[in-house]
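S.K.: Dropping in work.cif, with mmCIF, C-alpha atoms and all ligand atoms.
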data_final
loop_
_atom_site.label_atom_id
_atom_site.label_comp_id
_atom_site.auth_asym_id
_atom_site.auth_seq_id
_atom_site.Cartn_x
_atom_site.Cartn_y
_atom_site.Cartn_z
CA MET W 252 -34.13 43.06 174.20
CA GLY W 253 -35.02 40.90 171.28
CA LEU W 254 -36.01 40.89 167.66
CA PRO W 255 -39.18 42.80 166.75
CA LEU W 256 -42.34 40.86 167.66
CA SER W 257 -40.51 38.33 169.83
CA GLY W 258 -42.81 39.25 172.72
CA LYS W 259 -40.65 41.79 174.56
CA SER W 260 -43.49 44.06 175.59
CA THR W 261 -45.65 41.06 176.47
CA VAL W 262 -42.90 39.68 178.73
CA PHE W 263 -42.28 43.15 180.14
CA ASN W 264 -45.95 43.34 181.13
CA ALA W 265 -45.79 39.84 182.60
CA LEU W 266 -42.79 40.83 184.75
CA THR W 267 -44.04 44.20 185.86
CA GLY W 268 -47.83 43.95 185.76
CA GLY W 269 -47.60 46.79 183.27
CA SER W 270 -49.71 47.56 180.25
CA ALA W 271 -47.22 48.46 177.55
CA ARG W 272 -48.77 48.13 174.11
CA THR W 273 -48.11 44.86 172.35
CA GLY W 274 -48.64 43.56 168.85
CA VAL W 275 -47.72 44.20 165.29
CA PHE W 276 -48.36 47.93 165.32
CA SER W 277 -46.75 48.71 168.67
CA GLY W 278 -43.13 49.02 167.58
CA ALA W 279 -42.76 52.79 167.60
CA ARG W 280 -39.06 53.54 167.60
CA ASP W 281 -39.09 55.93 170.50
CA GLU W 282 -41.14 53.78 172.81
CA VAL W 283 -39.12 52.71 175.84
CA HIS W 284 -40.95 51.36 178.87
CA VAL W 285 -39.46 51.33 182.34
CA ALA W 286 -40.91 49.75 185.47
CA VAL W 287 -39.60 49.02 188.93
CA VAL W 288 -40.86 45.93 190.73
CA GLU W 289 -40.34 44.66 194.25
CA VAL W 290 -38.43 41.43 194.55
CA PRO W 291 -40.68 38.76 196.04
CA ASP W 292 -38.91 37.39 199.12
CA GLU W 293 -40.45 34.93 201.58
CA ARG W 294 -37.75 35.74 204.10
CA VAL W 295 -38.98 39.31 204.29
CA GLU W 296 -42.45 38.00 205.15
CA THR W 297 -40.97 35.75 207.83
CA LEU W 298 -38.95 38.59 209.34
CA CYS W 299 -42.02 40.81 209.32
CA ARG W 300 -43.89 38.29 211.45
CA ILE W 301 -41.14 38.23 214.07
CA LEU W 302 -39.96 41.83 214.08
CA GLU W 303 -43.23 43.58 213.24
CA PRO W 304 -41.46 46.52 211.61
CA LYS W 305 -43.32 49.77 210.97
CA LYS W 306 -41.76 50.04 207.56
CA THR W 307 -40.55 47.35 205.16
CA THR W 308 -38.37 48.01 202.15
CA ARG W 309 -37.95 45.15 199.74
CA ALA W 310 -35.22 44.90 197.13
CA ARG W 311 -36.18 46.29 193.76
CA ILE W 312 -35.38 45.48 190.19
CA GLU W 313 -35.90 47.75 187.24
CA PHE W 314 -36.94 46.38 183.87
CA VAL W 315 -36.54 48.33 180.64
CA ASP W 316 -38.42 47.38 177.49
CA VAL W 317 -36.53 48.77 174.51
CA VAL W 318 -37.37 48.73 170.85
CA GLY W 319 -36.65 45.63 168.81
CA VAL W 320 -33.17 45.10 167.46
CA GLU W 321 -33.27 44.72 163.74
CA ARG W 322 -30.89 42.42 161.96
CA GLY W 323 -27.89 44.42 160.77
CA ALA W 324 -28.67 47.36 163.05
CA ALA W 325 -25.21 47.45 164.62
CA ARG W 326 -23.51 47.88 161.25
CA LYS W 327 -25.39 51.09 160.67
CA GLY W 328 -23.08 52.64 163.26
CA ASP W 329 -24.00 55.66 165.29
CA SER W 330 -27.77 55.55 164.93
CA SER W 331 -27.85 52.07 166.42
CA ALA W 332 -25.48 53.12 169.17
CA GLU W 333 -28.10 55.64 170.12
CA PHE W 334 -31.03 53.31 170.34
CA LEU W 335 -28.90 50.81 172.24
CA ALA W 336 -28.15 53.50 174.83
CA PRO W 337 -30.87 52.48 177.32
CA VAL W 338 -29.43 48.96 177.29
CA ARG W 339 -25.87 50.05 177.93
CA GLN W 340 -26.74 51.34 181.38
CA THR W 341 -28.25 48.08 182.60
CA ASP W 342 -26.60 45.47 184.82
CA ALA W 343 -27.75 42.56 182.71
CA MET W 344 -29.59 41.85 179.51
CA LEU W 345 -32.73 39.88 179.15
CA HIS W 346 -33.12 38.53 175.65
CA VAL W 347 -36.64 37.53 174.68
CA ALA W 348 -36.43 34.89 171.96
CA ARG W 349 -39.60 33.83 170.22
CA ALA W 350 -40.40 30.14 170.54
CA PHE W 351 -44.17 30.40 170.20
CA PRO W 352 -45.58 29.18 166.90
CA GLY W 353 -48.32 30.81 164.89
CA GLU W 354 -48.93 32.55 161.63
CA SER W 355 -50.88 35.45 163.07
CA VAL W 356 -47.69 37.10 164.34
CA PRO W 357 -45.12 37.54 161.57
CA HIS W 358 -41.47 36.74 162.31
CA PRO W 359 -38.92 39.25 161.01
CA LEU W 360 -36.66 36.41 159.84
CA GLY W 361 -39.45 34.37 158.32
CA THR W 362 -39.47 31.30 160.56
CA VAL W 363 -39.53 30.53 164.28
CA ASP W 364 -36.04 29.44 165.37
CA ALA W 365 -34.96 30.62 168.83
CA THR W 366 -31.40 29.29 168.52
CA ARG W 367 -30.83 31.28 165.35
CA ASP W 368 -32.37 34.41 166.91
CA VAL W 369 -30.21 34.24 170.04
CA GLY W 370 -27.18 33.93 167.76
CA ALA W 371 -28.36 36.77 165.55
CA LEU W 372 -28.71 39.17 168.45
CA GLU W 373 -25.38 38.11 169.92
CA GLU W 374 -23.84 38.93 166.56
CA GLU W 375 -25.33 42.42 166.70
CA PHE W 376 -23.82 42.98 170.15
CA ILE W 377 -20.43 41.70 169.02
CA ILE W 378 -20.43 44.02 165.99
CA ALA W 379 -21.52 47.01 168.08
CA ASP W 380 -18.71 46.28 170.58
CA LEU W 381 -16.17 45.76 167.83
CA LEU W 382 -17.06 49.14 166.30
CA ALA W 383 -16.69 50.81 169.71
CA VAL W 384 -13.32 49.11 170.30
CA GLU W 385 -11.98 50.12 166.91
CA LYS W 386 -13.15 53.68 167.28
CA ARG W 387 -11.36 53.97 170.61
CA LEU W 388 -8.19 52.30 169.31
CA GLU W 389 -8.14 54.73 166.42
CA LYS W 390 -8.43 57.63 168.83
CA ILE W 391 -5.59 56.27 170.97
CA GLY W 392 -3.52 55.85 167.79
CA LYS W 393 -4.10 59.48 166.84
CA LEU W 394 -3.17 60.66 170.31
CA ALA W 395 0.03 58.62 170.16
CA ALA W 396 0.89 60.14 166.78
CA VAL W 397 0.92 63.62 168.30
CA GLY W 398 2.91 62.38 171.27
CA LYS W 399 0.04 62.18 173.78
CA LYS W 400 -0.48 59.19 175.97
CA PRO W 401 -3.95 57.85 176.78
CA GLU W 402 -5.02 58.52 180.35
CA GLU W 403 -5.26 54.84 181.20
CA LYS W 404 -2.06 52.84 181.04
CA GLY W 405 -2.47 49.61 179.13
CA GLU W 406 -5.79 50.61 177.63
CA ALA W 407 -4.70 49.87 174.07
CA GLU W 408 -3.49 46.36 175.01
CA ILE W 409 -6.74 45.49 176.72
CA LEU W 410 -8.76 46.79 173.80
CA GLU W 411 -6.61 44.75 171.42
CA LYS W 412 -7.40 41.71 173.52
CA CYS W 413 -11.11 42.51 173.23
CA ARG W 414 -10.78 43.02 169.50
CA LYS W 415 -9.10 39.66 169.01
CA HIS W 416 -11.94 37.85 170.81
CA LEU W 417 -14.68 39.85 169.13
CA LEU W 418 -13.19 39.09 165.69
CA GLU W 419 -13.41 35.41 166.66
CA GLU W 420 -17.07 36.09 167.47
CA THR W 421 -16.60 35.40 171.16
CA PRO W 422 -18.85 37.57 173.33
CA LEU W 423 -16.79 39.42 175.94
CA ARG W 424 -18.73 37.85 178.80
CA GLU W 425 -16.95 34.58 177.98
CA VAL W 426 -13.49 36.14 178.08
CA GLU W 427 -11.48 36.11 181.29
CA PHE W 428 -10.34 39.51 182.46
CA SER W 429 -8.32 40.44 185.51
CA PRO W 430 -10.09 42.68 188.05
CA GLU W 431 -7.87 45.51 186.81
CA GLU W 432 -8.91 44.94 183.20
CA GLU W 433 -12.55 44.70 184.22
CA ARG W 434 -12.31 48.03 186.00
CA LEU W 435 -10.90 49.65 182.90
CA LEU W 436 -13.48 48.09 180.60
CA ARG W 437 -16.45 49.00 182.80
CA GLY W 438 -16.74 52.48 181.31
CA PHE W 439 -17.25 51.07 177.81
CA GLN W 440 -20.42 49.24 178.85
CA PHE W 441 -19.89 46.61 176.19
CA LEU W 442 -23.08 44.82 175.24
CA SER W 443 -21.56 41.38 174.73
CA MET W 444 -19.97 41.63 178.17
CA LYS W 445 -23.21 41.94 180.09
CA PRO W 446 -24.64 38.94 181.89
CA LEU W 447 -27.35 37.51 179.67
CA LEU W 448 -30.66 35.98 180.62
CA ILE W 449 -32.36 34.30 177.70
CA VAL W 450 -36.14 34.16 177.97
CA LEU W 451 -37.61 31.57 175.64
CA ASN W 452 -41.08 32.84 174.96
CA VAL W 453 -42.88 29.55 174.39
CA GLY W 454 -46.41 28.97 173.21
CA GLU W 455 -49.40 28.23 175.40
CA ASP W 456 -49.19 24.48 174.67
CA ALA W 457 -45.53 23.93 175.52
CA ALA W 458 -45.06 21.42 178.31
CA VAL W 459 -43.27 22.89 181.31
CA ALA W 460 -40.90 19.91 181.72
CA ASP W 461 -39.75 19.99 178.09
CA THR W 462 -38.88 23.63 178.16
CA ALA W 463 -37.00 23.33 181.47
CA ALA W 464 -34.63 20.77 179.92
CA GLU W 465 -34.28 22.99 176.89
CA THR W 466 -33.27 26.02 178.92
CA ASP W 467 -30.53 24.12 180.81
CA ALA W 468 -28.66 23.71 177.56
CA TRP W 469 -28.55 27.49 177.16
CA SER W 470 -26.73 28.15 180.41
CA GLY W 471 -23.06 29.03 180.44
CA PRO W 472 -20.65 31.58 181.85
CA LYS W 473 -22.69 34.65 182.81
CA ARG W 474 -25.55 33.23 180.83
CA ARG W 475 -28.81 31.65 182.02
CA ALA W 476 -32.12 30.83 180.44
CA VAL W 477 -35.72 30.45 181.50
CA SER W 478 -38.75 29.60 179.46
CA LEU W 479 -42.16 31.08 179.94
CA CYS W 480 -45.31 31.77 178.00
CA GLY W 481 -45.42 35.54 177.75
CA LYS W 482 -49.03 35.74 176.73
CA LEU W 483 -50.29 33.57 179.59
CA GLU W 484 -47.96 35.19 182.13
CA MET W 485 -49.18 38.64 181.09
CA GLU W 486 -52.74 37.50 181.78
CA ILE W 487 -51.68 36.13 185.16
CA ALA W 488 -49.93 39.38 186.07
CA ALA W 489 -53.01 41.41 185.17
CA ALA W 490 -55.54 39.13 186.90
CA SER W 491 -56.94 39.36 190.43
CA ALA W 492 -55.18 37.13 192.98
CA ALA W 493 -57.93 34.50 192.80
CA ASP W 494 -58.00 34.42 188.99
CA ALA W 495 -54.21 34.34 188.84
CA ALA W 496 -54.15 31.32 191.16
CA GLU W 497 -56.69 29.54 188.98
CA LEU W 498 -54.82 30.32 185.76
CA MET W 499 -51.60 29.06 187.31
CA GLU W 500 -53.20 25.86 188.53
CA LEU W 501 -54.68 25.17 185.11
CA ALA W 502 -51.27 25.64 183.51
CA GLY W 503 -49.46 23.63 186.20
CA LEU W 504 -47.33 26.56 187.30
CA ALA W 505 -46.06 26.71 190.88
CA GLU W 506 -45.20 30.40 190.75
CA PRO W 507 -45.52 33.26 188.29
CA ALA W 508 -42.74 33.67 185.75
CA SER W 509 -41.74 37.00 187.28
CA ALA W 510 -40.52 35.13 190.39
CA ARG W 511 -38.51 32.68 188.28
CA VAL W 512 -37.02 35.44 186.16
CA ILE W 513 -35.99 37.43 189.21
CA LYS W 514 -34.42 34.35 190.85
CA ALA W 515 -32.54 33.57 187.65
CA SER W 516 -31.37 37.21 187.50
CA TYR W 517 -29.98 37.05 191.04
CA ASP W 518 -28.19 33.82 190.20
CA LEU W 519 -26.90 35.28 186.92
CA MET W 520 -25.56 38.42 188.54
CA GLY W 521 -24.23 36.56 191.58
CA LEU W 522 -26.39 38.48 194.03
CA VAL W 523 -27.33 37.51 197.57
CA THR W 524 -29.47 39.37 200.07
CA PHE W 525 -28.78 40.61 203.56
CA TYR W 526 -31.23 42.33 205.87
CA THR W 527 -31.16 45.18 208.34
CA ALA W 528 -33.69 45.98 211.02
CA VAL W 529 -33.03 49.42 212.38
CA ARG W 530 -35.51 51.55 214.31
CA SER W 531 -38.41 49.34 213.24
CA GLU W 532 -37.49 49.53 209.58
CA LEU W 533 -36.78 46.26 207.85
CA THR W 534 -34.77 46.44 204.63
CA ALA W 535 -33.58 43.82 202.14
CA TRP W 536 -30.26 44.64 200.44
CA PRO W 537 -28.98 42.82 197.36
CA ILE W 538 -25.17 42.57 197.19
CA PRO W 539 -22.69 40.61 195.08
CA ILE W 540 -21.52 37.29 196.57
CA GLY W 541 -18.36 37.78 198.61
CA THR W 542 -19.09 41.37 199.65
CA THR W 543 -17.33 42.28 202.88
CA ALA W 544 -19.16 43.71 205.89
CA VAL W 545 -17.56 47.12 205.40
CA ARG W 546 -18.64 47.26 201.74
CA ALA W 547 -22.11 46.05 202.68
CA ALA W 548 -22.30 48.90 205.19
CA GLY W 549 -21.44 51.22 202.32
CA GLU W 550 -24.52 50.01 200.47
CA ILE W 551 -26.60 51.42 203.30
CA HIS W 552 -24.73 54.68 203.70
CA THR W 553 -21.25 55.92 202.78
CA ASP W 554 -20.84 57.21 206.37
CA MET W 555 -21.35 53.69 207.63
CA GLU W 556 -18.55 52.43 205.43
CA ARG W 557 -16.21 55.27 206.40
CA GLY W 558 -16.86 55.02 210.12
CA PHE W 559 -17.35 51.24 210.25
CA ILE W 560 -16.53 49.71 213.63
CA ARG W 561 -18.13 46.28 213.58
CA ALA W 562 -21.16 44.32 212.44
CA GLU W 563 -23.44 42.25 214.61
CA VAL W 564 -24.59 39.32 212.55
CA VAL W 565 -27.21 36.66 213.01
CA ALA W 566 -28.29 34.16 210.36
CA LEU W 567 -31.93 34.60 209.48
CA ASP W 568 -32.78 30.97 210.31
CA ASP W 569 -31.24 31.35 213.77
CA LEU W 570 -33.13 34.56 214.37
CA VAL W 571 -36.38 32.91 213.32
CA GLU W 572 -35.71 29.98 215.64
CA CYS W 573 -34.89 32.26 218.59
CA GLY W 574 -37.77 34.58 217.87
CA SER W 575 -35.94 37.79 218.81
CA PHE W 576 -32.55 39.49 218.78
CA ALA W 577 -32.42 39.25 222.59
CA HIS W 578 -32.83 35.47 222.57
CA ALA W 579 -30.34 35.09 219.74
CA ARG W 580 -27.85 37.08 221.81
CA GLU W 581 -28.46 34.93 224.90
CA LYS W 582 -27.83 31.79 222.89
CA GLY W 583 -24.62 33.22 221.47
CA LEU W 584 -25.96 33.22 217.92
CA LEU W 585 -25.49 36.94 217.47
CA ARG W 586 -21.87 37.24 216.36
CA ILE W 587 -19.53 40.20 216.23
CA GLU W 588 -17.78 40.46 212.89
CA GLY W 589 -15.11 42.82 211.57
CA LYS W 590 -14.60 44.70 208.31
CA GLY W 591 -13.39 41.72 206.32
CA TYR W 592 -16.29 39.39 207.13
CA GLU W 593 -17.95 38.07 203.97
CA VAL W 594 -21.65 38.71 204.27
CA LYS W 595 -23.73 35.58 203.66
CA ASP W 596 -27.08 35.23 201.97
CA GLY W 597 -29.75 35.67 204.64
CA ASP W 598 -27.55 37.42 207.22
CA VAL W 599 -29.30 39.97 209.41
CA LEU W 600 -26.84 42.79 210.13
CA SER W 601 -26.56 45.64 212.56
CA ILE W 602 -23.71 47.97 211.73
CA ARG W 603 -21.91 49.88 214.49
CA PHE W 604 -20.17 52.94 213.14
CA ALA W 605 -18.74 56.23 214.29
CA PRO W 606 -20.36 59.04 212.29
N1 LIG X 1 -49.38 32.96 171.01
C1 LIG X 1 -48.56 33.77 171.64
N2 LIG X 1 -48.43 35.02 171.20
C2 LIG X 1 -47.57 35.84 171.84
C3 LIG X 1 -46.82 35.41 172.96
N3 LIG X 1 -46.06 36.43 173.38
C4 LIG X 1 -46.33 37.48 172.55
N4 LIG X 1 -47.25 37.12 171.63
C5 LIG X 1 -47.82 37.97 170.58
O1 LIG X 1 -46.80 38.43 169.72
C6 LIG X 1 -47.07 39.75 169.29
C7 LIG X 1 -45.88 40.63 169.56
O2 LIG X 1 -45.72 40.77 170.95
P1 LIG X 1 -45.01 42.06 171.57
O3 LIG X 1 -44.90 41.82 173.02
O4 LIG X 1 -45.67 43.30 171.13
O5 LIG X 1 -43.57 41.94 170.88
P2 LIG X 1 -42.37 43.00 170.84
O6 LIG X 1 -42.39 43.62 169.52
O7 LIG X 1 -41.15 42.13 170.99
O8 LIG X 1 -42.55 43.95 171.98
C8 LIG X 1 -48.33 40.20 170.03
O9 LIG X 1 -49.42 40.08 169.14
C9 LIG X 1 -48.42 39.21 171.17
O10 LIG X 1 -49.75 39.01 171.58
C10 LIG X 1 -46.98 34.05 173.42
O11 LIG X 1 -46.37 33.60 174.39
N5 LIG X 1 -47.86 33.29 172.71
MG MG X 2 -42.71 46.07 172.02
#
Could you show the structure in this file as structure tokens?
M.R.:
Amino acid sequence: MGLPLSGKSTVFNALTGGSARTGVFSGARDEVHVAVVEVPDERVETLCRILEPKKTTRARIEFVDVVGVERGAARKGDSSAEFLAPVRQTDAMLHVARAFPGESVPHPLGTVDATRDVGALEEEFIIADLLAVEKRLEKIGKLAAVGKKPEEKGEAEILEKCRKHLLEETPLREVEFSPEEERLLRGFQFLSMKPLLIVLNVGEDAAVADTAAETDAWSGPKRRAVSLCGKLEMEIAAASAADAAELMELAGLAEPASARVIKASYDLMGLVTFYTAVRSELTAWPIPIGTTAVRAAGEIHTDMERGFIRAEVVALDDLVECGSFAHAREKGLLRIEGKGYEVKDGDVLSIRFAP
């Protein structure tokens, strides 16, 4: 997301290697771009060398490039709700804020000021959420008037709590909710509740070190920031491997921005990765930190969760050092774990289950 002409489509292309149209005349209202990219993961490459799987399935991340959010859009009510629909279904929001200078690209608010723009968009989300909360509260009120109770007990109280914070202009992602409250609120898909990754779209001349310090200041609860030069990164993503390497060296970049954005997204959403190697198929699975073995099995297949017996676990580093599952077993590094085991980042799992 972002204001019009902040570089959303440019960044989208940089992240996905896509070719969505960019520029002043590209902002057609109905243009939504979607692309799925594989998550770069060195550990997958390492495992491939040892296990030589026939098939490898990397984790994937889907990016959606929506139309620009105009200032005041949320106040317009239902029409904005509609164009925000593709955003509501996402796990996190990536806000492209323009930090690149230049007269050739007009700025919808007149001047380049990323701090103001991040605030402006946040305000739109807060207003959109507030409208949704009030609409629902009104409905609950009407139901109560005719003697009907809402299906969810305590819904009105939780929504009142949301309303109070939204009126104070606090995004819901900064509010503490109990797991029970979170469950109830999930269905509303509130925009200000989503984890937020701010992408400062800096100019070609911005020094990497400066912008790194800048982005640290943006981080907070469920909020991270990265800076990148969309225009340059889009060129890198579209270039041949050799040209990309040269462009990156010239700019002093160790890795393409897509890798940094994906890492920041994992961190933001609290995701770790475990691996399975079954019948010569290697798969990387992203899961939330603290996921139990039985829930992790459910990620693979619901039958595996239902019929879960145990997990055999080896840390990836141990497996690499031993060179094979057999050696890891001999050395006692292949552990048996039960349902409640918290899967760690880099665990290689085999699930035993009764179908
Ligand atoms: N100089 C410079 N121009 C950029 C950069 N990123 C985007 N632009 C330009 O800004 C204009 C708007 O970009 P676009 O991606 O279409 O913005 P959107 O409306 O947010 O999708 C285009 O002309 C881009 O070439 C950047 O990092 N540096
Ligand atoms: Mg665009």
S.K.: Can you tell me, as a ChimeraX atom specification, what residues are no more than 8 Å from Arg339 (chain W) when counting only C-alpha atoms, ignoring any on the same chain fewer than 6 positions away?
M.R.: /W:440-442
S.K.: Which neighbours of Ala548 (chain W) fall inside 10 Å, counting all atoms listed in the file, when residues of the same chain fewer than 2 positions from it are skipped, and could you give them as an MDAnalysis selection string?
M.R.: chainID W and resid 542:546 550:559 561:562 590 600:604
S.K.: Give the residues close to ligand MG 2 (chain X), within 9 Å, counting all atoms listed in the file; write them as an mmCIF file with C-alpha atoms, in the coordinates of the input.
M.R.:
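Result went into out-v6.cif, see below:
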data_model
loop_
_atom_site.group_PDB
_atom_site.id
_atom_site.type_symbol
_atom_site.label_atom_id
_atom_site.label_comp_id
_atom_site.auth_asym_id
_atom_site.auth_seq_id
_atom_site.Cartn_x
_atom_site.Cartn_y
_atom_site.Cartn_z
ATOM 1 C CA PRO W 255 -39.180 42.800 166.750
ATOM 2 C CA LEU W 256 -42.340 40.860 167.660
ATOM 3 C CA SER W 257 -40.510 38.330 169.830
ATOM 4 C CA GLY W 258 -42.810 39.250 172.720
ATOM 5 C CA LYS W 259 -40.650 41.790 174.560
ATOM 6 C CA SER W 260 -43.490 44.060 175.590
ATOM 7 C CA THR W 261 -45.650 41.060 176.470
ATOM 8 C CA PHE W 263 -42.280 43.150 180.140
ATOM 9 C CA ALA W 271 -47.220 48.460 177.550
ATOM 10 C CA ARG W 272 -48.770 48.130 174.110
ATOM 11 C CA THR W 273 -48.110 44.860 172.350
ATOM 12 C CA GLY W 274 -48.640 43.560 168.850
ATOM 13 C CA VAL W 275 -47.720 44.200 165.290
ATOM 14 C CA PHE W 276 -48.360 47.930 165.320
ATOM 15 C CA SER W 277 -46.750 48.710 168.670
ATOM 16 C CA GLY W 278 -43.130 49.020 167.580
ATOM 17 C CA ALA W 279 -42.760 52.790 167.600
ATOM 18 C CA GLU W 282 -41.140 53.780 172.810
ATOM 19 C CA VAL W 283 -39.120 52.710 175.840
ATOM 20 C CA HIS W 284 -40.950 51.360 178.870
ATOM 21 C CA ASP W 316 -38.420 47.380 177.490
ATOM 22 C CA VAL W 317 -36.530 48.770 174.510
ATOM 23 C CA VAL W 318 -37.370 48.730 170.850
ATOM 24 C CA GLY W 319 -36.650 45.630 168.810
#
S.K.: Pick from W:Ile513, W:Cys413, W:Ala324, W:Ala457: nearest to Asp292 (chain W), with all atoms listed in the file counted?
M.R.: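 Closest to Asp292 (chain W), using all atoms listed in the file: W:Ile513.
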S.K.: Using all atoms listed in the file, I'd like a table of the residues in region 528-562 of chain W that come within 12 Å of region 299-307 of chain W; for each, show the closest atom pair and its distance in Å rounded to one decimal, ordered by chain and ascending number, as JSON lines.
M.R.:
{"residue": "W:Ala528", "atom": "CA", "partner": "W:Pro304", "partner_atom": "CA", "distance": 7.8}
{"residue": "W:Val529", "atom": "CA", "partner": "W:Pro304", "partner_atom": "CA", "distance": 8.9}
{"residue": "W:Arg530", "atom": "CA", "partner": "W:Pro304", "partner_atom": "CA", "distance": 8.2}
{"residue": "W:Ser531", "atom": "CA", "partner": "W:Pro304", "partner_atom": "CA", "distance": 4.5}
{"residue": "W:Glu532", "atom": "CA", "partner": "W:Lys306", "partner_atom": "CA", "distance": 4.8}
{"residue": "W:Leu533", "atom": "CA", "partner": "W:Thr307", "partner_atom": "CA", "distance": 4.8}
{"residue": "W:Thr534", "atom": "CA", "partner": "W:Thr307", "partner_atom": "CA", "distance": 5.9}
{"residue": "W:Ala535", "atom": "CA", "partner": "W:Thr307", "partner_atom": "CA", "distance": 8.4}
{"residue": "W:Trp536", "atom": "CA", "partner": "W:Thr307", "partner_atom": "CA", "distance": 11.6}
S.K.: Of the candidates W:Gly589, W:Gly392, W:Pro337, W:Gly481, which shows the shortest atom-to-atom distance to ligand LIG 1 (chain X), using all atoms listed in the file?
M.R.: W:Gly481
S.K.: Let me make sure I understand: among W:Gly323, W:Gly583, W:Gly353, W:Gly269, which one has the smallest atom-to-atom distance to ligand LIG 1 (chain X) if we use only C-alpha atoms and all ligand atoms?
M.R.: W:Gly353
S.K.: Considering all atoms listed in the file, state which residue in the set W:Leu435, W:Val450, W:Val571, W:Leu410 is at the smallest distance from ligand LIG 1 (chain X).
M.R.: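 When distances to ligand LIG 1 (chain X) are compared using all atoms listed in the file, the smallest one comes from W:Val450.
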S.K.: Write out as a short mmCIF file (atom, residue, chain, number, x, y, z; two decimals) with C-alpha atoms, keeping the file's coordinate frame the residues lying within 7 Å of region 483-486 of chain W, counting only C-alpha atoms and excluding same-chain residues fewer than 3 positions away.
M.R.:
data_model
loop_
_atom_site.label_atom_id
_atom_site.label_comp_id
_atom_site.auth_asym_id
_atom_site.auth_seq_id
_atom_site.Cartn_x
_atom_site.Cartn_y
_atom_site.Cartn_z
CA THR W 261 -45.65 41.06 176.47
CA VAL W 262 -42.90 39.68 178.73
CA ASN W 264 -45.95 43.34 181.13
CA ALA W 265 -45.79 39.84 182.60
CA GLU W 455 -49.40 28.23 175.40
CA CYS W 480 -45.31 31.77 178.00
CA ALA W 489 -53.01 41.41 185.17
CA ALA W 490 -55.54 39.13 186.90
CA PRO W 507 -45.52 33.26 188.29
CA ALA W 508 -42.74 33.67 185.75
#
S.K.: Mind dumping region 590-604 of chain W from that block, keeping N, CA and C atoms, as an mmCIF file, in the first residue's frame?
M.R.:
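Full text of part12.cif as output:
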data_model
loop_
_atom_site.group_PDB
_atom_site.id
_atom_site.type_symbol
_atom_site.label_atom_id
_atom_site.label_comp_id
_atom_site.auth_asym_id
_atom_site.auth_seq_id
_atom_site.Cartn_x
_atom_site.Cartn_y
_atom_site.Cartn_z
ATOM 1 N N LYS W 590 3.766 -34.373 21.197
ATOM 2 C CA LYS W 590 2.844 -33.347 20.688
ATOM 3 C C LYS W 590 3.203 -31.922 21.085
ATOM 4 N N GLY W 591 3.588 -31.767 22.342
ATOM 5 C CA GLY W 591 3.760 -30.419 22.895
ATOM 6 C C GLY W 591 5.094 -29.765 22.586
ATOM 7 N N TYR W 592 5.983 -30.491 21.905
ATOM 8 C CA TYR W 592 7.310 -29.930 21.607
ATOM 9 C C TYR W 592 7.183 -28.669 20.764
ATOM 10 N N GLU W 593 7.881 -27.615 21.168
ATOM 11 C CA GLU W 593 7.875 -26.374 20.382
ATOM 12 C C GLU W 593 8.906 -26.459 19.272
ATOM 13 N N VAL W 594 8.430 -26.435 18.064
ATOM 14 C CA VAL W 594 9.318 -26.574 16.907
ATOM 15 C C VAL W 594 10.231 -25.350 16.801
ATOM 16 N N LYS W 595 11.527 -25.625 16.605
ATOM 17 C CA LYS W 595 12.511 -24.541 16.532
ATOM 18 C C LYS W 595 12.829 -24.204 15.077
ATOM 19 N N ASP W 596 13.307 -22.983 14.897
ATOM 20 C CA ASP W 596 13.747 -22.568 13.568
ATOM 21 C C ASP W 596 14.881 -23.501 13.115
ATOM 22 N N GLY W 597 14.732 -24.066 11.939
ATOM 23 C CA GLY W 597 15.788 -24.927 11.394
ATOM 24 C C GLY W 597 15.658 -26.394 11.782
ATOM 25 N N ASP W 598 14.606 -26.763 12.495
ATOM 26 C CA ASP W 598 14.387 -28.186 12.805
ATOM 27 C C ASP W 598 14.042 -28.947 11.529
ATOM 28 N N VAL W 599 14.573 -30.175 11.432
ATOM 29 C CA VAL W 599 14.146 -31.066 10.350
ATOM 30 C C VAL W 599 13.278 -32.136 11.007
ATOM 31 N N LEU W 600 12.044 -32.256 10.548
ATOM 32 C CA LEU W 600 11.051 -33.105 11.226
ATOM 33 C C LEU W 600 10.608 -34.289 10.375
ATOM 34 N N SER W 601 10.457 -35.435 11.040
ATOM 35 C CA SER W 601 9.681 -36.515 10.427
ATOM 36 C C SER W 601 8.521 -36.782 11.369
ATOM 37 N N ILE W 602 7.334 -36.767 10.837
ATOM 38 C CA ILE W 602 6.148 -36.979 11.672
ATOM 39 C C ILE W 602 5.711 -38.435 11.540
ATOM 40 N N ARG W 603 5.511 -39.086 12.684
ATOM 41 C CA ARG W 603 4.894 -40.424 12.683
ATOM 42 C C ARG W 603 3.430 -40.237 13.048
ATOM 43 N N PHE W 604 2.565 -40.788 12.240
ATOM 44 C CA PHE W 604 1.138 -40.625 12.537
ATOM 45 C C PHE W 604 0.371 -41.862 12.091
#
